Amino acid sequence: MNNKNEFRVPWSGRSLKYTQEEINVVIEAMQNADPLTQGKHQLEFEKTFAEMMDAPHSYALSSCTAALELSAMLCQLKPGDEVILPAHTFAATAIPFARTGAKLVWADVDSETLIVTADTIRPLITPKTKAIILVHLYGLVADMDPIMELAAKHKIFVVEDAAQAIGARYKGRPAGSIGDFGCFSFHTHKNITTLGEGGMITVKDPKLAKLVPGLRHNGVRPYEGVRDKYWVPAMSDIDFDWDGVWPYNFCLGEVQCALGTAQLKRLNSINADRKERADYVKTALKDFPELVFQKVPRDCGHTYHLLPARYDGAKYGKTRDQFIETMAFEYGVKTIVQYYPLYRYPMFEKAGFGKADCPETDRFFDNMVSVPFHQWLSREQLDTIIDALKKTCLSLRGR
């Protein structure tokens, strides 16, 4: 089997290259930040992010998984409650909510957008439903208004997993600012990344937002009032922010926060570049209808974090696996499949979540291909991918 060095275009685990300005910001923070966590850079990152995302309460975290964990806590879920979410997503979307003891209810995706809709969610709502988890997968924002109307009618929390959609907009509103909670990722694969890991949570309710700093950092808070001696009884106090709810340590370091602030400056240009590249690829393949790309409805923005497609090769008696094999071993382009439906994994099967009625989820996954789409691909590499896609399609057509 080919290794990474043998592919003409490999699959990269790194989404972008840092600019010299961003490198300088990191060096300056490394040399001068004091403290190296929970200092001025965190405050600046949170403030800048809140302004850009139109979110009144934003908190920097160690990962998007941490944001989802806090969201699950703030939804006050308990055993017997139900949470509706797509199974076509990364496992981190589901695990925090399963940890609460709530029942996971799998919603199917739309056949064209590949994300959940009000229509796929509505039949699953019961009196036990306490939260809906929306995943703006691949960077495409869900059609939010009908979903928010549905949630308001039934008094259900809405959590936006915007890990892949930072900077996308829905009817002018930023992804992650519409639901009760927004969860963002700065992981190595994402459109911007804070040295490989990082996240942010936005919280709409100010009362719930007040709980986040303590839940993020071990229940630590300053002593109230004026003290005669600043060290008595100790430097800081520790208490429950929510009686009986144990806190975590989900802090993000100052160097990462400084880099995050710098990267937000070019988020829009990064996303615009990714859209231009995606349009370039899709336009080049317009004569190959067996490759079906994600539909982008009006008013639903897309950051093109990834560029997946469904290969419909039944007409030619060909399969997705044959497509990937041809791409990899004939033309040297490493395409992959992503997001195995969660109900097929042993973890979720063993936990009692192995059953689902999600035919479109299964249909897409069983026929999906995802091409390399890291931001630092050269135009020559992009053309290599396009050429390989065309030649693979023609080869599997028997031409």
# chains A, B, ... in the order shown; residues from 1 in each chain; ligands from 1

call {"tool": "residues_around", "arguments": {"residues": "segment 392-398 of chain A", "least_positions_apart": "5", "cutoff": "7 Å", "atoms": "only C-alpha atoms", "output": "list in words"}}
result
Tyr316, Lys318, Phe323, Thr326 and Met327 of chain A

call {"tool": "write_last_selection", "arguments": {"atoms": "C-alpha atoms", "output": "PDB file, in the first residue's frame"}}
result
ATOM      1  CA  TYR A 316     -21.600   1.563 -14.259  1.00  0.00           C
ATOM      2  CA  LYS A 318     -18.825   0.377  -9.774  1.00  0.00           C
ATOM      3  CA  PHE A 323     -13.202   4.768  -6.940  1.00  0.00           C
ATOM      4  CA  THR A 326      -8.258   4.012  -8.595  1.00  0.00           C
ATOM      5  CA  MET A 327      -7.611   7.497  -7.247  1.00  0.00           C
TER       6      MET A 327
END

call {"tool": "select_by_dssp", "arguments": {"residues": "segment 280-356 of chain A", "states": "strand (DSSP E)", "output": "list in words"}}
result
Leu291, Val292, Phe293, Leu307, Pro308, Ala309, Arg310 and Tyr311 of chain A

call {"tool": "write_last_selection", "arguments": {"atoms": "all heavy atoms", "output": "CSV table (one decimal), in the first residue's frame"}}
result
chain,number,residue,atom,x,y,z
A,291,LEU,N,-20.4,12.2,-9.5
A,291,LEU,CA,-19.9,12.8,-8.3
A,291,LEU,C,-20.8,13.9,-7.9
A,291,LEU,O,-21.0,15.0,-8.5
A,291,LEU,CB,-18.5,13.4,-8.6
A,291,LEU,CG,-17.3,12.5,-8.6
A,291,LEU,CD1,-16.0,13.2,-9.0
A,291,LEU,CD2,-17.2,11.7,-7.3
A,292,VAL,N,-21.5,13.7,-6.7
A,292,VAL,CA,-22.5,14.6,-6.2
A,292,VAL,C,-22.0,15.3,-5.0
A,292,VAL,O,-21.8,14.7,-4.0
A,292,VAL,CB,-23.8,13.9,-5.9
A,292,VAL,CG1,-24.9,14.8,-5.4
A,292,VAL,CG2,-24.3,13.0,-7.0
A,293,PHE,N,-21.8,16.6,-5.1
A,293,PHE,CA,-21.3,17.4,-4.0
A,293,PHE,C,-22.4,18.0,-3.2
A,293,PHE,O,-23.6,18.0,-3.6
A,293,PHE,CB,-20.4,18.6,-4.6
A,293,PHE,CG,-19.1,18.1,-5.2
A,293,PHE,CD1,-19.1,17.9,-6.6
A,293,PHE,CD2,-18.0,17.9,-4.5
A,293,PHE,CE1,-17.9,17.5,-7.2
A,293,PHE,CE2,-16.8,17.5,-5.0
A,293,PHE,CZ,-16.7,17.3,-6.4
A,307,LEU,N,-14.2,18.9,1.5
A,307,LEU,CA,-14.9,18.8,0.2
A,307,LEU,C,-15.3,17.3,-0.1
A,307,LEU,O,-14.6,16.6,-0.9
A,307,LEU,CB,-14.0,19.4,-0.9
A,307,LEU,CG,-14.7,19.6,-2.3
A,307,LEU,CD1,-15.9,20.6,-2.2
A,307,LEU,CD2,-13.7,20.0,-3.3
A,308,PRO,N,-16.4,16.9,0.5
A,308,PRO,CA,-16.8,15.5,0.3
A,308,PRO,C,-17.8,15.4,-0.9
A,308,PRO,O,-18.4,16.4,-1.4
A,308,PRO,CB,-17.6,15.2,1.6
A,308,PRO,CG,-18.2,16.5,1.9
A,308,PRO,CD,-17.2,17.6,1.5
A,309,ALA,N,-17.9,14.2,-1.5
A,309,ALA,CA,-18.9,14.0,-2.5
A,309,ALA,C,-19.4,12.6,-2.4
A,309,ALA,O,-18.8,11.7,-1.8
A,309,ALA,CB,-18.2,14.2,-3.9
A,310,ARG,N,-20.6,12.3,-3.0
A,310,ARG,CA,-21.1,11.0,-3.1
A,310,ARG,C,-20.8,10.4,-4.5
A,310,ARG,O,-21.1,11.1,-5.5
A,310,ARG,CB,-22.6,11.0,-2.8
A,310,ARG,CG,-23.2,9.6,-2.8
A,310,ARG,CD,-24.7,9.6,-2.5
A,310,ARG,NE,-25.5,10.2,-3.5
A,310,ARG,CZ,-26.2,11.3,-3.4
A,310,ARG,NH1,-26.2,12.0,-2.2
A,310,ARG,NH2,-26.9,11.8,-4.4
A,311,TYR,N,-20.2,9.3,-4.5
A,311,TYR,CA,-20.0,8.6,-5.8
A,311,TYR,C,-21.1,7.7,-6.2
A,311,TYR,O,-21.3,6.7,-5.5
A,311,TYR,CB,-18.6,7.9,-5.8
A,311,TYR,CG,-18.4,7.1,-7.1
A,311,TYR,CD1,-18.3,7.8,-8.3
A,311,TYR,CD2,-18.4,5.7,-7.1
A,311,TYR,CE1,-18.1,7.0,-9.5
A,311,TYR,CE2,-18.2,5.0,-8.3
A,311,TYR,CZ,-18.1,5.7,-9.5
A,311,TYR,OH,-17.9,5.0,-10.7

call {"tool": "closest_residue", "arguments": {"among": "A:Gly179, A:Gly172, A:Pro146, A:Gly167", "to": "Ile133 of chain A", "atoms": "only C-alpha atoms"}}
result
A:Gly179

call {"tool": "residues_around", "arguments": {"residues": "Ala234 of chain A", "least_positions_apart": "6", "cutoff": "12 Å", "atoms": "only C-alpha atoms", "output": "list in words"}}
result
Val220, Arg221, Pro222, Tyr223 and Arg227 of chain A

call {"tool": "residues_around", "arguments": {"residues": "Gly332 of chain A", "least_positions_apart": "5", "cutoff": "12 Å", "atoms": "only C-alpha atoms", "output": "list of chain:residue names"}}
result
A:Met1, A:Asn2, A:Asn3, A:Lys4, A:Asn5, A:Glu6, A:Phe7, A:Arg8, A:Val9, A:Pro10, A:Trp11, A:Ile324, A:Glu325, A:Thr326, A:Met327, A:Val371, A:Pro372, A:Gln381, A:Thr384, A:Ile385, A:Asp387, A:Ala388, A:Leu389, A:Lys391, A:Thr392

call {"tool": "atom_distance", "arguments": {"atom1": "atom CA of Ala168 of chain A", "atom2": "atom CA of Phe184 of chain A"}}
result
11.8 Å

call {"tool": "closest_residue", "arguments": {"among": "A:Ala131, A:Ala94, A:Val296, A:Leu267", "to": "Leu150 of chain A", "atoms": "only C-alpha atoms"}}
result
A:Ala131

call {"tool": "select_by_dssp", "arguments": {"residues": "segment 5-237 of chain A", "states": "alpha helix (DSSP H)", "output": "PDB file with N, CA and C atoms, in the first residue's frame"}}
result
ATOM      1  N   GLN A  20       4.124  34.651   8.899  1.00  0.00           N
ATOM      2  CA  GLN A  20       5.224  35.102   9.753  1.00  0.00           C
ATOM      3  C   GLN A  20       4.701  35.958  10.894  1.00  0.00           C
ATOM      4  N   GLU A  21       3.679  36.757  10.631  1.00  0.00           N
ATOM      5  CA  GLU A  21       3.084  37.574  11.692  1.00  0.00           C
ATOM      6  C   GLU A  21       2.545  36.695  12.817  1.00  0.00           C
ATOM      7  N   GLU A  22       1.897  35.594  12.454  1.00  0.00           N
ATOM      8  CA  GLU A  22       1.355  34.684  13.472  1.00  0.00           C
ATOM      9  C   GLU A  22       2.473  33.988  14.236  1.00  0.00           C
ATOM     10  N   ILE A  23       3.538  33.629  13.536  1.00  0.00           N
ATOM     11  CA  ILE A  23       4.694  33.014  14.202  1.00  0.00           C
ATOM     12  C   ILE A  23       5.309  33.997  15.203  1.00  0.00           C
ATOM     13  N   ASN A  24       5.404  35.257  14.799  1.00  0.00           N
ATOM     14  CA  ASN A  24       5.965  36.271  15.696  1.00  0.00           C
ATOM     15  C   ASN A  24       5.094  36.462  16.938  1.00  0.00           C
ATOM     16  N   VAL A  25       3.777  36.407  16.761  1.00  0.00           N
ATOM     17  CA  VAL A  25       2.857  36.530  17.900  1.00  0.00           C
ATOM     18  C   VAL A  25       3.088  35.402  18.888  1.00  0.00           C
ATOM     19  N   VAL A  26       3.271  34.198  18.374  1.00  0.00           N
ATOM     20  CA  VAL A  26       3.521  33.040  19.243  1.00  0.00           C
ATOM     21  C   VAL A  26       4.825  33.217  20.020  1.00  0.00           C
ATOM     22  N   ILE A  27       5.874  33.645  19.329  1.00  0.00           N
ATOM     23  CA  ILE A  27       7.180  33.826  19.987  1.00  0.00           C
ATOM     24  C   ILE A  27       7.087  34.891  21.076  1.00  0.00           C
ATOM     25  N   GLU A  28       6.410  35.988  20.769  1.00  0.00           N
ATOM     26  CA  GLU A  28       6.272  37.063  21.753  1.00  0.00           C
ATOM     27  C   GLU A  28       5.531  36.576  22.988  1.00  0.00           C
ATOM     28  N   ALA A  29       4.463  35.807  22.781  1.00  0.00           N
ATOM     29  CA  ALA A  29       3.695  35.286  23.919  1.00  0.00           C
ATOM     30  C   ALA A  29       4.511  34.271  24.703  1.00  0.00           C
ATOM     31  N   MET A  30       5.266  33.442  24.022  1.00  0.00           N
ATOM     32  CA  MET A  30       6.122  32.469  24.698  1.00  0.00           C
ATOM     33  C   MET A  30       7.126  33.170  25.608  1.00  0.00           C
ATOM     34  N   GLN A  31       7.661  34.278  25.124  1.00  0.00           N
ATOM     35  CA  GLN A  31       8.721  34.970  25.863  1.00  0.00           C
ATOM     36  C   GLN A  31       8.180  35.843  26.994  1.00  0.00           C
ATOM     37  N   ASN A  32       7.001  36.416  26.795  1.00  0.00           N
ATOM     38  CA  ASN A  32       6.574  37.486  27.694  1.00  0.00           C
ATOM     39  C   ASN A  32       5.261  37.269  28.435  1.00  0.00           C
ATOM     40  N   LYS A  40      -4.100  37.888  29.860  1.00  0.00           N
ATOM     41  CA  LYS A  40      -4.631  38.927  28.978  1.00  0.00           C
ATOM     42  C   LYS A  40      -4.923  38.419  27.574  1.00  0.00           C
ATOM     43  N   HIS A  41      -4.136  37.446  27.102  1.00  0.00           N
ATOM     44  CA  HIS A  41      -4.360  36.939  25.750  1.00  0.00           C
ATOM     45  C   HIS A  41      -5.671  36.162  25.657  1.00  0.00           C
ATOM     46  N   GLN A  42      -6.012  35.455  26.715  1.00  0.00           N
ATOM     47  CA  GLN A  42      -7.301  34.765  26.735  1.00  0.00           C
ATOM     48  C   GLN A  42      -8.445  35.771  26.681  1.00  0.00           C
ATOM     49  N   LEU A  43      -8.338  36.808  27.485  1.00  0.00           N
ATOM     50  CA  LEU A  43      -9.396  37.832  27.499  1.00  0.00           C
ATOM     51  C   LEU A  43      -9.540  38.500  26.131  1.00  0.00           C
ATOM     52  N   GLU A  44      -8.419  38.784  25.477  1.00  0.00           N
ATOM     53  CA  GLU A  44      -8.475  39.427  24.166  1.00  0.00           C
ATOM     54  C   GLU A  44      -9.069  38.483  23.117  1.00  0.00           C
ATOM     55  N   PHE A  45      -8.670  37.215  23.174  1.00  0.00           N
ATOM     56  CA  PHE A  45      -9.193  36.211  22.240  1.00  0.00           C
ATOM     57  C   PHE A  45     -10.707  36.087  22.390  1.00  0.00           C
ATOM     58  N   GLU A  46     -11.168  35.981  23.630  1.00  0.00           N
ATOM     59  CA  GLU A  46     -12.603  35.844  23.884  1.00  0.00           C
ATOM     60  C   GLU A  46     -13.373  37.086  23.433  1.00  0.00           C
ATOM     61  N   LYS A  47     -12.823  38.249  23.698  1.00  0.00           N
ATOM     62  CA  LYS A  47     -13.489  39.499  23.323  1.00  0.00           C
ATOM     63  C   LYS A  47     -13.576  39.636  21.795  1.00  0.00           C
ATOM     64  N   THR A  48     -12.456  39.360  21.120  1.00  0.00           N
ATOM     65  CA  THR A  48     -12.436  39.459  19.660  1.00  0.00           C
ATOM     66  C   THR A  48     -13.391  38.448  19.039  1.00  0.00           C
ATOM     67  N   PHE A  49     -13.376  37.242  19.568  1.00  0.00           N
ATOM     68  CA  PHE A  49     -14.245  36.185  19.046  1.00  0.00           C
ATOM     69  C   PHE A  49     -15.713  36.551  19.246  1.00  0.00           C
ATOM     70  N   ALA A  50     -16.053  37.041  20.439  1.00  0.00           N
ATOM     71  CA  ALA A  50     -17.439  37.410  20.739  1.00  0.00           C
ATOM     72  C   ALA A  50     -17.942  38.490  19.786  1.00  0.00           C
ATOM     73  N   GLU A  51     -17.081  39.445  19.487  1.00  0.00           N
ATOM     74  CA  GLU A  51     -17.470  40.524  18.582  1.00  0.00           C
ATOM     75  C   GLU A  51     -17.680  39.998  17.158  1.00  0.00           C
ATOM     76  N   MET A  52     -16.784  39.122  16.700  1.00  0.00           N
ATOM     77  CA  MET A  52     -16.881  38.598  15.347  1.00  0.00           C
ATOM     78  C   MET A  52     -18.077  37.673  15.175  1.00  0.00           C
ATOM     79  N   CYS A  64     -13.048  21.734  21.204  1.00  0.00           N
ATOM     80  CA  CYS A  64     -14.487  21.772  20.965  1.00  0.00           C
ATOM     81  C   CYS A  64     -15.188  20.696  21.790  1.00  0.00           C
ATOM     82  N   THR A  65     -14.498  19.593  22.029  1.00  0.00           N
ATOM     83  CA  THR A  65     -15.075  18.555  22.893  1.00  0.00           C
ATOM     84  C   THR A  65     -15.382  19.128  24.271  1.00  0.00           C
ATOM     85  N   ALA A  66     -14.479  19.968  24.782  1.00  0.00           N
ATOM     86  CA  ALA A  66     -14.722  20.618  26.070  1.00  0.00           C
ATOM     87  C   ALA A  66     -15.958  21.507  25.995  1.00  0.00           C
ATOM     88  N   ALA A  67     -16.128  22.204  24.878  1.00  0.00           N
ATOM     89  CA  ALA A  67     -17.312  23.044  24.696  1.00  0.00           C
ATOM     90  C   ALA A  67     -18.580  22.200  24.705  1.00  0.00           C
ATOM     91  N   LEU A  68     -18.529  21.051  24.057  1.00  0.00           N
ATOM     92  CA  LEU A  68     -19.681  20.150  24.041  1.00  0.00           C
ATOM     93  C   LEU A  68     -19.944  19.570  25.424  1.00  0.00           C
ATOM     94  N   GLU A  69     -18.879  19.271  26.169  1.00  0.00           N
ATOM     95  CA  GLU A  69     -19.042  18.780  27.546  1.00  0.00           C
ATOM     96  C   GLU A  69     -19.757  19.831  28.404  1.00  0.00           C
ATOM     97  N   LEU A  70     -19.321  21.073  28.299  1.00  0.00           N
ATOM     98  CA  LEU A  70     -19.952  22.130  29.082  1.00  0.00           C
ATOM     99  C   LEU A  70     -21.391  22.347  28.640  1.00  0.00           C
ATOM    100  N   SER A  71     -21.645  22.257  27.338  1.00  0.00           N
ATOM    101  CA  SER A  71     -23.016  22.390  26.848  1.00  0.00           C
ATOM    102  C   SER A  71     -23.909  21.306  27.429  1.00  0.00           C
ATOM    103  N   ALA A  72     -23.408  20.080  27.458  1.00  0.00           N
ATOM    104  CA  ALA A  72     -24.193  18.979  28.022  1.00  0.00           C
ATOM    105  C   ALA A  72     -24.499  19.228  29.498  1.00  0.00           C
ATOM    106  N   MET A  73     -23.519  19.755  30.224  1.00  0.00           N
ATOM    107  CA  MET A  73     -23.733  20.078  31.639  1.00  0.00           C
ATOM    108  C   MET A  73     -24.768  21.182  31.796  1.00  0.00           C
ATOM    109  N   LEU A  74     -24.645  22.224  30.985  1.00  0.00           N
ATOM    110  CA  LEU A  74     -25.523  23.383  31.108  1.00  0.00           C
ATOM    111  C   LEU A  74     -26.947  23.082  30.640  1.00  0.00           C
ATOM    112  N   ILE A  95     -20.432  11.922  22.488  1.00  0.00           N
ATOM    113  CA  ILE A  95     -19.953  11.358  23.758  1.00  0.00           C
ATOM    114  C   ILE A  95     -20.312  12.220  24.966  1.00  0.00           C
ATOM    115  N   PRO A  96     -20.141  13.540  24.938  1.00  0.00           N
ATOM    116  CA  PRO A  96     -20.483  14.330  26.131  1.00  0.00           C
ATOM    117  C   PRO A  96     -21.941  14.198  26.556  1.00  0.00           C
ATOM    118  N   PHE A  97     -22.841  14.040  25.589  1.00  0.00           N
ATOM    119  CA  PHE A  97     -24.257  13.936  25.911  1.00  0.00           C
ATOM    120  C   PHE A  97     -24.601  12.525  26.390  1.00  0.00           C
ATOM    121  N   ALA A  98     -23.921  11.521  25.841  1.00  0.00           N
ATOM    122  CA  ALA A  98     -24.101  10.158  26.337  1.00  0.00           C
ATOM    123  C   ALA A  98     -23.600  10.039  27.764  1.00  0.00           C
ATOM    124  N   ALA A 118     -35.148  20.421  10.028  1.00  0.00           N
ATOM    125  CA  ALA A 118     -36.341  20.369  10.876  1.00  0.00           C
ATOM    126  C   ALA A 118     -37.186  19.153  10.522  1.00  0.00           C
ATOM    127  N   ASP A 119     -37.241  18.783   9.255  1.00  0.00           N
ATOM    128  CA  ASP A 119     -38.051  17.643   8.827  1.00  0.00           C
ATOM    129  C   ASP A 119     -37.497  16.316   9.329  1.00  0.00           C
ATOM    130  N   THR A 120     -36.169  16.190   9.427  1.00  0.00           N
ATOM    131  CA  THR A 120     -35.610  14.930   9.935  1.00  0.00           C
ATOM    132  C   THR A 120     -35.626  14.877  11.456  1.00  0.00           C
ATOM    133  N   ILE A 121     -35.719  16.040  12.093  1.00  0.00           N
ATOM    134  CA  ILE A 121     -35.748  16.103  13.560  1.00  0.00           C
ATOM    135  C   ILE A 121     -37.165  15.955  14.101  1.00  0.00           C
ATOM    136  N   MET A 144     -31.495  27.041   9.975  1.00  0.00           N
ATOM    137  CA  MET A 144     -31.711  27.202  11.408  1.00  0.00           C
ATOM    138  C   MET A 144     -33.107  27.664  11.805  1.00  0.00           C
ATOM    139  N   ASP A 145     -33.733  28.544  11.061  1.00  0.00           N
ATOM    140  CA  ASP A 145     -35.008  29.119  11.511  1.00  0.00           C
ATOM    141  C   ASP A 145     -36.067  28.061  11.795  1.00  0.00           C
ATOM    142  N   PRO A 146     -36.327  27.114  10.890  1.00  0.00           N
ATOM    143  CA  PRO A 146     -37.332  26.094  11.199  1.00  0.00           C
ATOM    144  C   PRO A 146     -36.966  25.234  12.411  1.00  0.00           C
ATOM    145  N   ILE A 147     -35.673  24.998  12.580  1.00  0.00           N
ATOM    146  CA  ILE A 147     -35.241  24.190  13.724  1.00  0.00           C
ATOM    147  C   ILE A 147     -35.429  24.963  15.028  1.00  0.00           C
ATOM    148  N   MET A 148     -35.092  26.255  15.018  1.00  0.00           N
ATOM    149  CA  MET A 148     -35.274  27.069  16.222  1.00  0.00           C
ATOM    150  C   MET A 148     -36.753  27.218  16.569  1.00  0.00           C
ATOM    151  N   GLU A 149     -37.604  27.324  15.559  1.00  0.00           N
ATOM    152  CA  GLU A 149     -39.047  27.389  15.810  1.00  0.00           C
ATOM    153  C   GLU A 149     -39.543  26.096  16.450  1.00  0.00           C
ATOM    154  N   LEU A 150     -39.046  24.994  15.966  1.00  0.00           N
ATOM    155  CA  LEU A 150     -39.400  23.683  16.513  1.00  0.00           C
ATOM    156  C   LEU A 150     -38.941  23.560  17.962  1.00  0.00           C
ATOM    157  N   ALA A 151     -37.719  24.002  18.221  1.00  0.00           N
ATOM    158  CA  ALA A 151     -37.179  23.932  19.583  1.00  0.00           C
ATOM    159  C   ALA A 151     -37.946  24.832  20.536  1.00  0.00           C
ATOM    160  N   ALA A 152     -38.295  26.031  20.085  1.00  0.00           N
ATOM    161  CA  ALA A 152     -39.045  26.960  20.937  1.00  0.00           C
ATOM    162  C   ALA A 152     -40.416  26.395  21.272  1.00  0.00           C
ATOM    163  N   LYS A 153     -41.064  25.774  20.302  1.00  0.00           N
ATOM    164  CA  LYS A 153     -42.393  25.196  20.519  1.00  0.00           C
ATOM    165  C   LYS A 153     -42.362  24.139  21.606  1.00  0.00           C
ATOM    166  N   HIS A 154     -41.292  23.354  21.624  1.00  0.00           N
ATOM    167  CA  HIS A 154     -41.208  22.240  22.580  1.00  0.00           C
ATOM    168  C   HIS A 154     -40.293  22.546  23.769  1.00  0.00           C
ATOM    169  N   PRO A 206     -27.326  34.666  29.971  1.00  0.00           N
ATOM    170  CA  PRO A 206     -26.289  35.225  30.856  1.00  0.00           C
ATOM    171  C   PRO A 206     -26.162  34.489  32.188  1.00  0.00           C
ATOM    172  N   LYS A 207     -27.250  33.929  32.678  1.00  0.00           N
ATOM    173  CA  LYS A 207     -27.181  33.185  33.945  1.00  0.00           C
ATOM    174  C   LYS A 207     -26.347  31.919  33.786  1.00  0.00           C
ATOM    175  N   LEU A 208     -26.523  31.230  32.676  1.00  0.00           N
ATOM    176  CA  LEU A 208     -25.722  30.037  32.423  1.00  0.00           C
ATOM    177  C   LEU A 208     -24.283  30.409  32.098  1.00  0.00           C
ATOM    178  N   ALA A 209     -24.106  31.523  31.404  1.00  0.00           N
ATOM    179  CA  ALA A 209     -22.755  31.962  31.044  1.00  0.00           C
ATOM    180  C   ALA A 209     -21.904  32.195  32.286  1.00  0.00           C
ATOM    181  N   VAL A 212     -19.704  29.279  33.509  1.00  0.00           N
ATOM    182  CA  VAL A 212     -18.654  28.667  32.693  1.00  0.00           C
ATOM    183  C   VAL A 212     -17.251  28.845  33.268  1.00  0.00           C
ATOM    184  N   PRO A 213     -16.838  30.047  33.713  1.00  0.00           N
ATOM    185  CA  PRO A 213     -15.453  30.172  34.189  1.00  0.00           C
ATOM    186  C   PRO A 213     -15.092  29.186  35.294  1.00  0.00           C
ATOM    187  N   GLY A 214     -15.975  28.973  36.244  1.00  0.00           N
ATOM    188  CA  GLY A 214     -15.688  28.021  37.313  1.00  0.00           C
ATOM    189  C   GLY A 214     -15.698  26.585  36.826  1.00  0.00           C
ATOM    190  N   LEU A 215     -16.673  26.245  35.974  1.00  0.00           N
ATOM    191  CA  LEU A 215     -16.734  24.897  35.429  1.00  0.00           C
ATOM    192  C   LEU A 215     -15.526  24.614  34.545  1.00  0.00           C
ATOM    193  N   ARG A 216     -15.000  25.659  33.913  1.00  0.00           N
ATOM    194  CA  ARG A 216     -13.818  25.513  33.057  1.00  0.00           C
ATOM    195  C   ARG A 216     -12.550  25.296  33.862  1.00  0.00           C
TER     196      ARG A 216
END
